[in-house]
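**Student:** As input, take input15.txt (compact mmCIF, C-alpha atoms and all ligand atoms):
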# COMPACT_ATOMS: atom_id res chain seq x y z
CA MET A 143 8.26 25.44 -124.62
CA LEU A 144 7.78 25.81 -120.90
CA SER A 145 8.20 29.34 -119.69
CA LYS A 146 9.92 29.89 -116.40
CA LEU A 147 6.67 30.22 -114.50
CA ASP A 148 4.71 27.38 -116.02
CA PRO A 149 3.39 25.17 -113.25
CA ILE A 150 5.40 22.04 -112.49
CA PRO A 151 3.13 19.06 -111.74
CA LEU A 152 3.81 16.45 -109.09
CA ALA A 153 3.95 13.38 -111.33
CA VAL A 154 2.59 13.11 -114.85
CA PRO A 155 2.78 10.21 -117.29
CA VAL A 156 5.22 10.40 -120.18
CA VAL A 157 3.44 9.10 -123.26
CA GLY A 158 4.00 9.90 -126.91
CA ALA A 159 4.42 8.63 -130.45
CA ALA A 160 5.03 4.97 -129.59
CA GLU A 161 1.86 4.78 -127.48
CA ALA A 162 -0.11 6.53 -130.25
CA ARG A 163 1.21 4.09 -132.87
CA ASN A 164 0.19 1.10 -130.76
CA LEU A 165 -3.26 2.57 -130.13
CA GLN A 166 -3.73 3.21 -133.84
CA ALA A 167 -2.74 -0.39 -134.63
CA CYS A 168 -5.04 -1.65 -131.90
CA ILE A 169 -8.04 0.24 -133.30
CA GLU A 170 -7.30 -0.81 -136.86
CA SER A 171 -7.18 -4.43 -135.71
CA THR A 172 -10.64 -3.96 -134.10
CA PHE A 173 -9.36 -5.91 -131.07
CA VAL A 174 -10.11 -3.10 -128.63
CA SER A 175 -11.64 -5.10 -125.80
CA SER A 176 -10.68 -7.86 -123.42
CA VAL A 177 -8.83 -10.12 -125.86
CA GLY A 178 -5.95 -9.22 -128.13
CA PRO A 179 -2.28 -9.50 -128.99
CA PHE A 180 -1.23 -6.42 -126.99
CA THR A 181 -2.61 -7.98 -123.80
CA THR A 182 -0.62 -11.14 -124.45
CA GLN A 183 2.51 -9.13 -125.26
CA PHE A 184 2.07 -6.86 -122.23
CA GLU A 185 1.81 -9.88 -119.93
CA ALA A 186 4.95 -11.37 -121.46
CA MET A 187 6.91 -8.11 -121.14
CA VAL A 188 5.97 -7.58 -117.50
CA ALA A 189 6.64 -11.25 -116.71
CA ALA A 190 10.12 -10.92 -118.21
CA ALA A 191 10.81 -7.73 -116.25
CA THR A 192 9.75 -9.36 -112.97
CA GLY A 193 11.27 -12.84 -113.42
CA ALA A 194 7.85 -14.51 -113.51
CA PRO A 195 6.86 -17.40 -115.82
CA ARG A 196 3.78 -15.36 -116.75
CA GLY A 197 1.75 -12.35 -115.72
CA VAL A 198 -2.00 -11.91 -115.47
CA ALA A 199 -3.16 -8.46 -116.54
CA THR A 200 -6.08 -6.90 -114.68
CA SER A 201 -8.23 -3.78 -114.97
CA ALA A 202 -6.41 -2.07 -112.08
CA GLY A 203 -3.91 -2.69 -109.33
CA THR A 204 -6.78 -2.79 -106.85
CA THR A 205 -8.69 -5.49 -108.75
CA GLY A 206 -5.42 -7.43 -109.15
CA LEU A 207 -4.90 -7.28 -105.38
CA HIS A 208 -8.47 -8.43 -104.76
CA ALA A 209 -8.09 -11.38 -107.14
CA ALA A 210 -4.66 -12.28 -105.74
CA LEU A 211 -5.97 -12.29 -102.16
CA MET A 212 -8.95 -14.46 -103.09
CA THR A 213 -6.65 -16.84 -104.95
CA ALA A 214 -4.40 -17.02 -101.89
CA GLY A 215 -7.43 -18.19 -99.91
CA VAL A 216 -8.53 -15.00 -98.16
CA GLY A 217 -12.26 -15.00 -97.53
CA ARG A 218 -15.07 -13.59 -95.41
CA ASP A 219 -14.20 -12.65 -91.81
CA ASP A 220 -10.48 -13.40 -92.22
CA LEU A 221 -7.69 -11.05 -91.14
CA VAL A 222 -4.88 -9.93 -93.41
CA ILE A 223 -1.72 -8.37 -91.98
CA VAL A 224 -0.97 -5.07 -93.77
CA PRO A 225 0.88 -1.86 -92.90
CA SER A 226 -1.42 1.07 -92.14
CA PHE A 227 1.11 3.32 -93.87
CA THR A 228 -0.18 2.69 -97.40
CA PHE A 229 -2.54 3.93 -100.05
CA ILE A 230 -6.13 3.04 -99.10
CA ALA A 231 -6.43 0.56 -102.00
CA SER A 232 -4.34 -2.03 -100.09
CA ALA A 233 -6.90 -2.14 -97.28
CA ASN A 234 -9.83 -1.88 -99.69
CA ALA A 235 -8.73 -4.99 -101.58
CA ILE A 236 -8.80 -6.87 -98.24
CA ALA A 237 -12.28 -5.52 -97.48
CA HIS A 238 -13.47 -6.50 -100.98
CA CYS A 239 -12.79 -10.13 -99.91
CA GLY A 240 -15.08 -9.64 -96.91
CA ALA A 241 -11.92 -9.80 -94.78
CA HIS A 242 -10.40 -7.22 -92.42
CA PRO A 243 -6.99 -5.57 -92.26
CA TRP A 244 -4.85 -6.16 -89.17
CA PHE A 245 -2.75 -3.03 -89.21
CA MET A 246 0.95 -3.10 -88.43
CA ASP A 247 3.57 -0.37 -88.21
CA VAL A 248 6.50 0.40 -90.50
CA ASP A 249 10.24 0.59 -89.93
CA PRO A 250 11.17 4.27 -89.59
CA ALA A 251 14.35 3.77 -91.67
CA THR A 252 12.68 2.13 -94.68
CA TRP A 253 8.95 2.96 -94.37
CA LEU A 254 8.31 -0.75 -94.98
CA LEU A 255 6.28 -3.24 -92.92
CA ASP A 256 8.00 -3.86 -89.56
CA LEU A 257 8.45 -7.64 -89.73
CA GLY A 258 9.83 -7.71 -86.18
CA GLN A 259 6.60 -6.25 -84.88
CA VAL A 260 4.55 -8.62 -87.05
CA ALA A 261 6.32 -11.65 -85.55
CA ASP A 262 5.90 -10.23 -82.07
CA GLU A 263 2.19 -9.57 -82.54
CA LEU A 264 1.64 -13.04 -83.97
CA VAL A 265 3.39 -14.68 -81.03
CA ARG A 266 1.46 -12.67 -78.47
CA ASN A 267 -2.00 -12.63 -80.06
CA THR A 268 -2.48 -15.81 -82.05
CA SER A 269 -2.51 -19.57 -81.69
CA ARG A 270 -3.39 -22.50 -83.90
CA ASN A 271 -6.82 -24.11 -83.53
CA GLY A 272 -7.78 -27.74 -84.12
CA ASP A 273 -8.06 -27.16 -87.88
CA GLY A 274 -4.52 -25.81 -87.94
CA TRP A 275 -5.70 -22.26 -88.53
CA LEU A 276 -3.89 -19.33 -87.02
CA ILE A 277 -6.50 -17.59 -84.85
CA HIS A 278 -6.24 -14.00 -83.62
CA HIS A 279 -7.44 -14.12 -80.00
CA PRO A 280 -8.92 -10.62 -79.60
CA THR A 281 -11.27 -11.08 -82.60
CA GLY A 282 -11.44 -14.86 -83.02
CA ARG A 283 -10.67 -14.37 -86.71
CA ARG A 284 -8.31 -16.45 -88.85
CA VAL A 285 -5.07 -14.77 -89.98
CA ALA A 286 -5.23 -15.73 -93.66
CA ALA A 287 -2.38 -13.82 -95.31
CA MET A 288 0.18 -11.03 -95.08
CA MET A 289 0.26 -8.14 -97.51
CA PRO A 290 3.58 -6.26 -97.39
CA VAL A 291 3.51 -2.98 -99.29
CA TYR A 292 6.59 -2.01 -101.28
CA THR A 293 6.30 1.62 -100.27
CA LEU A 294 7.59 4.07 -102.91
CA GLY A 295 8.68 1.07 -104.99
CA THR A 296 11.15 -0.24 -102.38
CA LEU A 297 11.24 -4.01 -101.88
CA LEU A 298 11.15 -5.53 -98.45
CA ASP A 299 13.89 -8.07 -97.62
CA PHE A 300 12.70 -11.20 -99.47
CA GLU A 301 14.43 -13.65 -97.10
CA ARG A 302 12.92 -12.20 -93.95
CA GLN A 303 9.50 -11.89 -95.55
CA ARG A 304 9.55 -15.54 -96.62
CA GLU A 305 10.96 -16.79 -93.29
CA LEU A 306 8.15 -15.12 -91.41
CA ALA A 307 5.50 -16.51 -93.77
CA GLN A 308 6.94 -20.03 -93.44
CA ARG A 309 7.16 -19.79 -89.67
CA PHE A 310 3.51 -18.79 -89.31
CA ARG A 311 2.35 -20.66 -92.43
CA PHE A 312 0.38 -18.10 -94.38
CA PRO A 313 0.64 -16.88 -97.97
CA VAL A 314 2.15 -13.51 -98.89
CA VAL A 315 0.47 -11.22 -101.42
CA ALA A 316 2.67 -8.19 -102.03
CA ASP A 317 1.30 -4.77 -102.95
CA ALA A 318 4.03 -3.98 -105.49
CA ALA A 319 2.07 -1.14 -107.10
CA ALA A 320 5.09 1.06 -107.81
CA ALA A 321 7.89 -1.51 -107.63
CA LEU A 322 8.07 -2.65 -111.26
CA GLY A 323 11.76 -2.91 -112.14
CA ALA A 324 13.11 -3.12 -108.59
CA ARG A 325 15.33 -6.05 -107.58
CA SER A 326 16.22 -7.39 -104.15
CA ARG A 327 19.89 -8.47 -103.94
CA GLY A 328 19.76 -9.48 -107.58
CA ARG A 329 16.45 -11.28 -107.27
CA PRO A 330 13.54 -10.12 -109.39
CA LEU A 331 10.23 -8.84 -108.07
CA ALA A 332 8.24 -12.06 -108.60
CA ASP A 333 10.54 -13.97 -106.18
CA GLY A 334 9.40 -11.94 -103.18
CA ALA A 335 5.92 -13.28 -102.47
CA ASP A 336 3.45 -15.94 -103.56
CA LEU A 337 1.76 -13.28 -105.67
CA SER A 338 2.83 -9.69 -106.30
CA VAL A 339 0.61 -7.04 -107.80
CA ILE A 340 1.74 -4.10 -109.92
CA SER A 341 -0.33 -1.02 -110.83
CA PHE A 342 -0.27 0.79 -114.18
CA ASN A 343 -2.26 3.79 -113.04
CA GLY A 344 -1.21 7.10 -114.59
CA ASN A 345 1.24 8.07 -111.86
CA LYS A 346 3.04 4.73 -111.42
CA ILE A 347 6.41 3.69 -112.90
CA VAL A 348 4.87 2.82 -116.26
CA THR A 349 1.23 3.33 -117.17
CA SER A 350 -1.40 1.71 -119.34
CA GLY A 351 -3.89 4.47 -118.54
CA GLY A 352 -5.28 2.10 -115.95
CA GLY A 353 -4.47 -1.51 -115.25
CA GLY A 354 -2.65 -3.97 -113.07
CA MET A 355 -0.62 -7.18 -113.29
CA VAL A 356 -0.36 -10.16 -110.97
CA VAL A 357 2.98 -11.97 -111.09
CA GLY A 358 4.54 -14.82 -109.15
CA ASN A 359 6.45 -18.05 -109.62
CA ASP A 360 3.65 -20.58 -109.18
CA GLU A 361 1.96 -21.12 -112.54
CA ASP A 362 -1.04 -22.88 -110.99
CA LEU A 363 -1.73 -19.91 -108.74
CA LEU A 364 -1.40 -17.53 -111.70
CA GLU A 365 -3.77 -19.66 -113.75
CA ARG A 366 -6.32 -19.42 -110.92
CA VAL A 367 -5.94 -15.63 -110.92
CA ARG A 368 -6.55 -15.60 -114.66
CA HIS A 369 -9.61 -17.81 -114.28
CA LEU A 370 -11.13 -15.69 -111.51
CA THR A 371 -10.48 -12.38 -113.32
CA THR A 372 -12.03 -13.56 -116.60
CA THR A 373 -15.49 -14.50 -115.23
CA ALA A 374 -14.45 -18.06 -114.25
CA ARG A 375 -15.54 -19.53 -117.56
CA THR A 376 -14.69 -23.19 -118.09
CA SER A 377 -15.79 -23.53 -121.72
CA ALA A 378 -17.01 -21.50 -124.68
CA ASP A 379 -20.61 -22.60 -124.15
CA TYR A 380 -21.16 -20.20 -121.23
CA THR A 381 -20.28 -22.58 -118.43
CA PHE A 382 -18.80 -21.06 -115.27
CA ASP A 383 -17.56 -22.84 -112.16
CA CYS A 384 -17.65 -20.10 -109.51
CA VAL A 385 -18.54 -16.44 -109.00
CA GLY A 386 -15.96 -14.85 -111.25
CA TYR A 387 -15.00 -11.26 -111.90
CA ASN A 388 -14.73 -9.13 -115.01
CA TYR A 389 -11.31 -7.77 -114.07
CA ARG A 390 -9.54 -8.14 -117.42
CA ILE A 391 -7.44 -5.33 -118.86
CA THR A 392 -8.43 -4.17 -122.37
CA ASN A 393 -6.24 -4.56 -125.42
CA LEU A 394 -6.36 -0.72 -125.77
CA GLN A 395 -4.81 -0.28 -122.33
CA ALA A 396 -2.28 -3.02 -122.97
CA ALA A 397 -1.31 -1.30 -126.25
CA VAL A 398 -0.23 1.74 -124.21
CA GLY A 399 1.41 -0.49 -121.62
CA CYS A 400 3.54 -2.29 -124.23
CA ALA A 401 4.94 1.00 -125.53
CA GLN A 402 5.67 2.10 -121.96
CA MET A 403 7.48 -1.13 -121.09
CA GLU A 404 10.12 -0.34 -123.72
CA ARG A 405 11.11 2.60 -121.54
CA LEU A 406 11.05 0.94 -118.12
CA ALA A 407 14.82 1.16 -117.53
CA GLU A 408 14.91 4.76 -118.73
CA PHE A 409 12.04 5.75 -116.41
CA ILE A 410 13.68 4.16 -113.36
CA THR A 411 16.98 5.87 -114.13
CA ALA A 412 15.11 9.17 -114.30
CA LYS A 413 13.27 8.53 -111.02
CA ARG A 414 16.53 7.72 -109.24
CA SER A 415 18.23 10.77 -110.68
CA VAL A 416 15.43 13.03 -109.44
CA ARG A 417 15.71 11.47 -105.98
CA ARG A 418 19.49 11.89 -105.92
CA ARG A 419 19.37 15.53 -106.96
CA TYR A 420 16.86 16.42 -104.23
CA SER A 421 18.83 14.55 -101.58
CA GLU A 422 22.02 16.38 -102.51
CA ALA A 423 20.34 19.77 -102.82
CA PHE A 424 18.70 19.61 -99.40
CA SER A 425 21.42 17.85 -97.42
CA ASP A 426 22.36 21.06 -95.60
CA LEU A 427 18.83 22.07 -94.54
CA SER A 428 18.37 21.67 -90.81
CA GLY A 429 15.48 19.57 -89.55
CA VAL A 430 14.74 18.32 -93.07
CA GLY A 431 15.58 14.81 -94.32
CA SER A 432 15.26 12.92 -97.57
CA PHE A 433 13.29 9.83 -98.59
CA PRO A 434 14.78 6.37 -97.90
CA GLY A 435 15.87 3.91 -100.57
CA LEU A 436 18.29 5.99 -102.61
CA ASP A 437 20.99 4.47 -104.79
CA ASP A 438 19.80 1.00 -104.24
CA GLU A 439 18.55 -1.38 -106.91
CA CYS A 440 15.85 -2.52 -104.48
CA SER A 441 13.93 0.72 -105.09
CA THR A 442 12.40 2.36 -108.14
CA CYS A 443 12.42 5.66 -106.21
CA TRP A 444 8.82 6.14 -107.34
CA LEU A 445 8.16 9.39 -105.46
CA SER A 446 10.58 11.94 -104.09
CA GLY A 447 10.40 14.73 -101.59
CA ILE A 448 11.44 15.72 -98.10
CA VAL A 449 10.66 14.70 -94.53
CA VAL A 450 10.27 17.55 -92.07
CA TRP A 451 11.66 16.06 -88.86
CA ASP A 452 11.79 19.33 -86.92
CA SER A 453 8.32 20.37 -85.77
CA THR A 454 9.38 24.03 -85.57
CA ARG A 455 10.05 24.15 -89.33
CA PRO A 456 7.23 24.88 -91.84
CA GLN A 457 4.98 21.83 -91.90
CA PRO A 458 4.29 19.97 -95.18
CA ALA A 459 0.72 21.27 -95.62
CA ASN A 460 1.90 24.87 -95.24
CA ALA A 461 4.95 24.33 -97.40
CA ALA A 462 2.76 22.80 -100.12
CA GLU A 463 0.63 25.95 -100.14
CA LEU A 464 3.68 28.23 -100.37
CA LEU A 465 5.08 26.13 -103.22
CA ARG A 466 1.75 26.17 -105.02
CA GLN A 467 1.94 29.95 -105.10
CA LEU A 468 5.28 29.55 -106.87
CA GLY A 469 3.75 27.27 -109.48
CA ILE A 470 5.02 24.05 -107.98
CA GLU A 471 2.76 21.16 -107.13
CA ALA A 472 3.77 19.51 -103.86
CA ARG A 473 1.61 17.33 -101.67
CA THR A 474 1.29 15.81 -98.27
CA PHE A 475 1.41 12.03 -98.24
CA TRP A 476 -0.91 9.08 -97.57
CA LYS A 477 -3.03 9.55 -94.50
CA PRO A 478 -2.72 6.10 -92.87
CA ALA A 479 -5.47 3.55 -93.48
CA HIS A 480 -6.27 3.04 -89.78
CA LEU A 481 -7.27 6.72 -89.56
CA GLN A 482 -9.81 6.33 -92.39
CA ALA A 483 -13.51 5.96 -91.61
CA PRO A 484 -14.03 2.43 -93.03
CA TYR A 485 -11.16 1.03 -90.94
CA ALA A 486 -11.76 2.82 -87.66
CA GLY A 487 -12.66 -0.49 -85.99
CA SER A 488 -9.96 -2.67 -87.53
CA PRO A 489 -7.49 -4.40 -85.21
CA ARG A 490 -4.07 -2.79 -85.02
CA ALA A 491 -0.70 -3.07 -83.39
CA ASP A 492 1.13 -0.07 -81.97
CA LEU A 493 1.35 2.36 -84.91
CA SER A 494 3.49 5.09 -83.42
CA VAL A 495 5.98 5.26 -86.33
CA THR A 496 3.16 5.53 -88.87
CA GLU A 497 1.34 8.15 -86.81
CA ASP A 498 4.49 10.22 -86.39
CA LEU A 499 5.79 9.84 -89.93
CA TRP A 500 2.97 10.41 -92.38
CA ALA A 501 2.32 14.09 -91.67
CA ARG A 502 6.04 14.96 -91.91
CA ILE A 503 6.27 13.96 -95.56
CA LEU A 504 6.13 16.40 -98.47
CA THR A 505 6.24 14.95 -101.98
CA LEU A 506 7.81 17.09 -104.68
CA PRO A 507 7.63 17.03 -108.50
CA CYS A 508 9.19 13.79 -109.73
CA SER A 509 7.90 13.06 -113.22
CA THR A 510 10.34 11.11 -115.37
CA SER A 511 10.13 14.06 -117.79
CA LEU A 512 11.22 16.59 -115.14
CA THR A 513 14.12 18.58 -116.59
CA ASP A 514 17.14 19.69 -114.56
CA ALA A 515 16.01 23.29 -115.05
CA GLN A 516 12.56 22.52 -113.67
CA GLN A 517 14.02 20.59 -110.78
CA ASP A 518 16.37 23.50 -110.03
CA ARG A 519 13.29 25.73 -109.83
CA VAL A 520 11.72 23.34 -107.32
CA ILE A 521 14.96 23.16 -105.34
CA ASP A 522 15.27 26.95 -105.18
CA ALA A 523 11.65 27.29 -104.07
CA VAL A 524 11.99 24.63 -101.35
CA ARG A 525 15.18 26.29 -100.13
CA THR A 526 13.39 29.65 -99.81
CA VAL A 527 10.82 27.92 -97.58
CA TYR A 528 13.30 25.98 -95.43
CA ILE A 529 16.52 28.01 -95.36
C1 LIG A 601 -1.61 2.94 -106.88
C2 LIG A 601 -1.60 2.02 -105.73
C3 LIG A 601 -2.56 1.01 -105.61
C4 LIG A 601 -3.76 0.87 -106.51
O1 LIG A 601 -3.52 0.71 -107.84
P1 LIG A 601 -4.68 1.10 -108.90
O2 LIG A 601 -4.12 0.63 -110.20
O3 LIG A 601 -4.84 2.58 -108.83
O4 LIG A 601 -5.92 0.38 -108.52
C5 LIG A 601 -2.45 0.13 -104.55
N1 LIG A 601 -1.47 0.25 -103.63
C6 LIG A 601 -0.54 1.21 -103.70
C7 LIG A 601 0.55 1.26 -102.67
C8 LIG A 601 -0.57 2.14 -104.74
O5 LIG A 601 0.36 3.10 -104.77
Would it be possible to restate this file's structure as structure tokens?
Ligand SMILES: *Cc1c(COP(=O)(O)O)cnc(C)c1O

**Tutor:**
Amino acid sequence: MLSKLDPIPLAVPVVGAAEARNLQACIESTFVSSVGPFTTQFEAMVAAATGAPRGVATSAGTTGLHAALMTAGVGRDDLVIVPSFTFIASANAIAHCGAHPWFMDVDPATWLLDLGQVADELVRNTSRNGDGWLIHHPTGRRVAAMMPVYTLGTLLDFERQRELAQRFRFPVVADAAAALGARSRGRPLADGADLSVISFNGNKIVTSGGGGMVVGNDEDLLERVRHLTTTARTSADYTFDCVGYNYRITNLQAAVGCAQMERLAEFITAKRSVRRRYSEAFSDLSGVGSFPGLDDECSTCWLSGIVVWDSTRPQPANAAELLRQLGIEARTFWKPAHLQAPYAGSPRADLSVTEDLWARILTLPCSTSLTDAQQDRVIDAVRTVYI
């Protein structure tokens, strides 16, 4: 049993007997590597949950993003539109293609890619060359794709996203790392972009220890992702048709993932409940706001916490330290990608929302196993800091 002062972690996976049973069965079958029935089942379960005809499981969300971008045609020296307000892996997957991020800002109300700004930047800074490619004037590079990020598991408006992509004629690869189970006005995740990529890292909505999944509606595209991520082999006699990648998930990981998928709805309900309780508990604190996306099926409410709008209140880094002393793990949030060393020279639009927002965010414990009693302890502690 947890004593009153046991530390409360930020976000831990909830795994147990079902995962252990699947792992045991996986080992007894000896199919522990890159082929096996759990992988097939995991792909089918995630496809069903996202409305896709099939899913392609990968070794990580990052490798899934890399493969999805390559499949969408992103190559050396290209530009890919992406919000700077994201986990570094989004930009890294672009760089792994030999391409470069073109950083855009987010909407302050949703923390999602500001599509108005994207359209504006495209109109002002690009034109089509003789080959029909969209060329970014300041760098001379081709704009090859757009990568919206479903921040905190919140979907971007599918209609607007698609309209913009059609208007400027580029593919959309969505970073849907934490959005598994979210729906946009009744439409499932796979409808949002040409390819969408989910992560099963330990802190995401469901976990397979590590892993990713590429989903979409175009079976030919998905088949190309599968080909590229399984060494691009064309026949059993060791014939390969391009430089492929060993990005396959293992049957061991998929065994854990299958057990987790049974609990997807339960996990999302728990995430939303945590978010709701924090929002209600802190609604009276001055200068402190809550995370966007509450009570909406378009968000999984992946992480929860507070936003410190008033600069005279304790700042997130200081508050995190005070909370740590009370046995509560709280953290500051993603430092934007354009402020990271590898992307210091990447082209960017005005990023004033991102630059203002990121340092105001404090994430609080939000595991799906968080009990009301534990959450009350967090709430009391936060209130002592901000009252
Ligand atoms: C977790 C995450 C990733 C990377 O997923 P991995 O499975 O850890 O490679 C990419 N983008 C975002 C927004 C994430 O949160």

**Student:** Taking (1.3, -0.7, -82.9) in the file's coordinates as the center, which residues reach within 9 Å of it, counting all atoms listed in the file, put as a PyMOL selection string?

**Tutor:** chain A and resi 245-247+259+263+490-496

**Student:** Store the residues picked out above in a file with C-alpha atoms, as a JSON list (two decimals), in the coordinates of the input.

**Tutor:**
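Resulting contents of result33.json:
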[["chain", "number", "residue", "atom", "x", "y", "z"],
["A", 245, "PHE", "CA", -2.75, -3.03, -89.21],
["A", 246, "MET", "CA", 0.95, -3.10, -88.43],
["A", 247, "ASP", "CA", 3.57, -0.37, -88.21],
["A", 259, "GLN", "CA", 6.60, -6.25, -84.88],
["A", 263, "GLU", "CA", 2.19, -9.57, -82.54],
["A", 490, "ARG", "CA", -4.07, -2.79, -85.02],
["A", 491, "ALA", "CA", -0.70, -3.07, -83.39],
["A", 492, "ASP", "CA", 1.13, -0.07, -81.97],
["A", 493, "LEU", "CA", 1.35, 2.36, -84.91],
["A", 494, "SER", "CA", 3.49, 5.09, -83.42],
["A", 495, "VAL", "CA", 5.98, 5.26, -86.33],
["A", 496, "THR", "CA", 3.16, 5.53, -88.87]]

**Student:** Can you pull out the residues contacting Ala407 of chain A? Cut-off 12 Å, using all atoms listed in the file, and skip same-chain residues under 4 positions away; I want them as a list in words.

**Tutor:** Ala191, Leu322, Gly323, Ala324, Ile347, Val348, Gln402, Met403, Thr411, Ala412, Lys413, Arg414, Glu439, Thr442 and Thr510 of chain A

**Student:** For the residues in that selection, give me C-alpha atoms as a short mmCIF file (atom, residue, chain, number, x, y, z; two decimals), in the coordinates of the input.

**Tutor:**
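To be explicit, this is the file written out as result.cif:
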data_model
loop_
_atom_site.label_atom_id
_atom_site.label_comp_id
_atom_site.auth_asym_id
_atom_site.auth_seq_id
_atom_site.Cartn_x
_atom_site.Cartn_y
_atom_site.Cartn_z
CA ALA A 191 10.81 -7.73 -116.25
CA LEU A 322 8.07 -2.65 -111.26
CA GLY A 323 11.76 -2.91 -112.14
CA ALA A 324 13.11 -3.12 -108.59
CA ILE A 347 6.41 3.69 -112.90
CA VAL A 348 4.87 2.82 -116.26
CA GLN A 402 5.67 2.10 -121.96
CA MET A 403 7.48 -1.13 -121.09
CA THR A 411 16.98 5.87 -114.13
CA ALA A 412 15.11 9.17 -114.30
CA LYS A 413 13.27 8.53 -111.02
CA ARG A 414 16.53 7.72 -109.24
CA GLU A 439 18.55 -1.38 -106.91
CA THR A 442 12.40 2.36 -108.14
CA THR A 510 10.34 11.11 -115.37
#

**Student:** What are the closest atom pairs, with distances in Å to one decimal, for each residue of chain A lying within 10 Å of ligand LIG 601 (chain A), using all atoms listed in the file, rows by chain and rising residue number, as a Markdown table?

**Tutor:**
| residue | atom | partner | partner_atom | distance |
| --- | --- | --- | --- | --- |
| A:Thr200 | CA | A:LIG601 | O2 | 9.0 |
| A:Ser201 | CA | A:LIG601 | O2 | 7.7 |
| A:Ala202 | CA | A:LIG601 | O2 | 4.0 |
| A:Gly203 | CA | A:LIG601 | O2 | 3.4 |
| A:Thr204 | CA | A:LIG601 | O4 | 3.7 |
| A:Thr205 | CA | A:LIG601 | O4 | 6.5 |
| A:Gly206 | CA | A:LIG601 | O4 | 7.9 |
| A:Leu207 | CA | A:LIG601 | C5 | 7.8 |
| A:His208 | CA | A:LIG601 | O4 | 9.9 |
| A:Phe227 | CA | A:LIG601 | C7 | 9.1 |
| A:Thr228 | CA | A:LIG601 | C7 | 5.5 |
| A:Phe229 | CA | A:LIG601 | C7 | 4.9 |
| A:Ile230 | CA | A:LIG601 | N1 | 7.1 |
| A:Ala231 | CA | A:LIG601 | C5 | 4.7 |
| A:Ser232 | CA | A:LIG601 | N1 | 5.1 |
| A:Ala233 | CA | A:LIG601 | N1 | 8.7 |
| A:Asn234 | CA | A:LIG601 | C5 | 9.1 |
| A:Ala235 | CA | A:LIG601 | C5 | 8.6 |
| A:Pro290 | CA | A:LIG601 | C7 | 9.7 |
| A:Val291 | CA | A:LIG601 | C7 | 6.2 |
| A:Tyr292 | CA | A:LIG601 | C7 | 7.0 |
| A:Thr293 | CA | A:LIG601 | C7 | 6.2 |
| A:Leu294 | CA | A:LIG601 | O5 | 7.5 |
| A:Gly295 | CA | A:LIG601 | C7 | 8.5 |
| A:Ala316 | CA | A:LIG601 | N1 | 9.5 |
| A:Asp317 | CA | A:LIG601 | N1 | 5.8 |
| A:Ala318 | CA | A:LIG601 | C7 | 6.9 |
| A:Ala319 | CA | A:LIG601 | C8 | 4.8 |
| A:Ala320 | CA | A:LIG601 | O5 | 6.0 |
| A:Ala321 | CA | A:LIG601 | O5 | 9.3 |
| A:Val339 | CA | A:LIG601 | C5 | 8.4 |
| A:Ile340 | CA | A:LIG601 | O1 | 7.4 |
| A:Ser341 | CA | A:LIG601 | O2 | 4.2 |
| A:Phe342 | CA | A:LIG601 | O2 | 5.5 |
| A:Asn343 | CA | A:LIG601 | O2 | 4.6 |
| A:Gly344 | CA | A:LIG601 | O3 | 8.2 |
| A:Asn345 | CA | A:LIG601 | C1 | 7.7 |
| A:Lys346 | CA | A:LIG601 | C1 | 6.7 |
| A:Thr349 | CA | A:LIG601 | O2 | 9.2 |
| A:Ser350 | CA | A:LIG601 | O2 | 9.6 |
| A:Gly351 | CA | A:LIG601 | O2 | 9.2 |
| A:Gly352 | CA | A:LIG601 | O2 | 6.0 |
| A:Gly353 | CA | A:LIG601 | O2 | 5.5 |
| A:Gly354 | CA | A:LIG601 | O2 | 5.6 |
| A:Met355 | CA | A:LIG601 | O2 | 9.1 |
| A:Trp444 | CA | A:LIG601 | O5 | 9.3 |
| A:Trp476 | CA | A:LIG601 | O5 | 9.4 |

**Student:** Starting from 8 Å padding per side, set up an axis-aligned box that covers all listed atoms of segment 354-362 of chain A and hand over centre and edge lengths in Å, one decimal, as AutoDock Vina command-line options.

**Tutor:**
--center_x 1.9 --center_y -13.4 --center_z -111.2 --size_x 25.1 --size_y 34.9 --size_z 20.1

**Student:** Give me, please, the distance in Å between atom CA of Val315 of chain A and atom CA of Met289 of chain A, quoted to one decimal.

**Tutor:**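 Interatomic distance here is 5.0 Å.
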
**Student:** Between atom CA of Gly358 of chain A and atom CA of Gly197 of chain A, what is the spacing in Å?

**Tutor:**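 Between atom CA of Gly197 of chain A and atom CA of Gly358 of chain A the gap works out to 7.6 Å.
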
**Student:** Given the choices A:Met212, A:Ala167, A:Cys400, A:Leu152, which gets closest to Thr182 of chain A if the distance is worked out from only C-alpha atoms?

**Tutor:**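 Checking each candidate against Thr182 of chain A, we get A:Cys400 as the closest.
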
**Student:** Compare A:Gln395, A:Val265, A:Ala287, A:Asp336 by their minimum atom-to-atom distance to Phe312 of chain A, counting all atoms listed in the file, and give me the closest one.

**Tutor:**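 The shortest atom-to-atom distance to Phe312 of chain A comes from A:Ala287.
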
**Student:** I need the residue nearest Pro478 of chain A from this list: A:Thr268, A:Ser226, A:Thr373, A:Ser415. Use all atoms listed in the file for the distance.

**Tutor:**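 Nearest to Pro478 of chain A: A:Ser226.
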
**Student:** For Leu276 of chain A, work out the shell of residues within 8 Å, counting all atoms listed in the file and skipping chain neighbours fewer than 6 positions away, then give it as a ChimeraX atom specification.

**Tutor:** /A:268-270,284-286,310

**Student:** Between A:Ala251, A:Ala210, A:Ala374, A:Val524, which one has atoms that come closest to Val314 of chain A, using all atoms listed in the file?

**Tutor:**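 Looking at the shortest contact to Val314 of chain A, the residue is A:Ala210.
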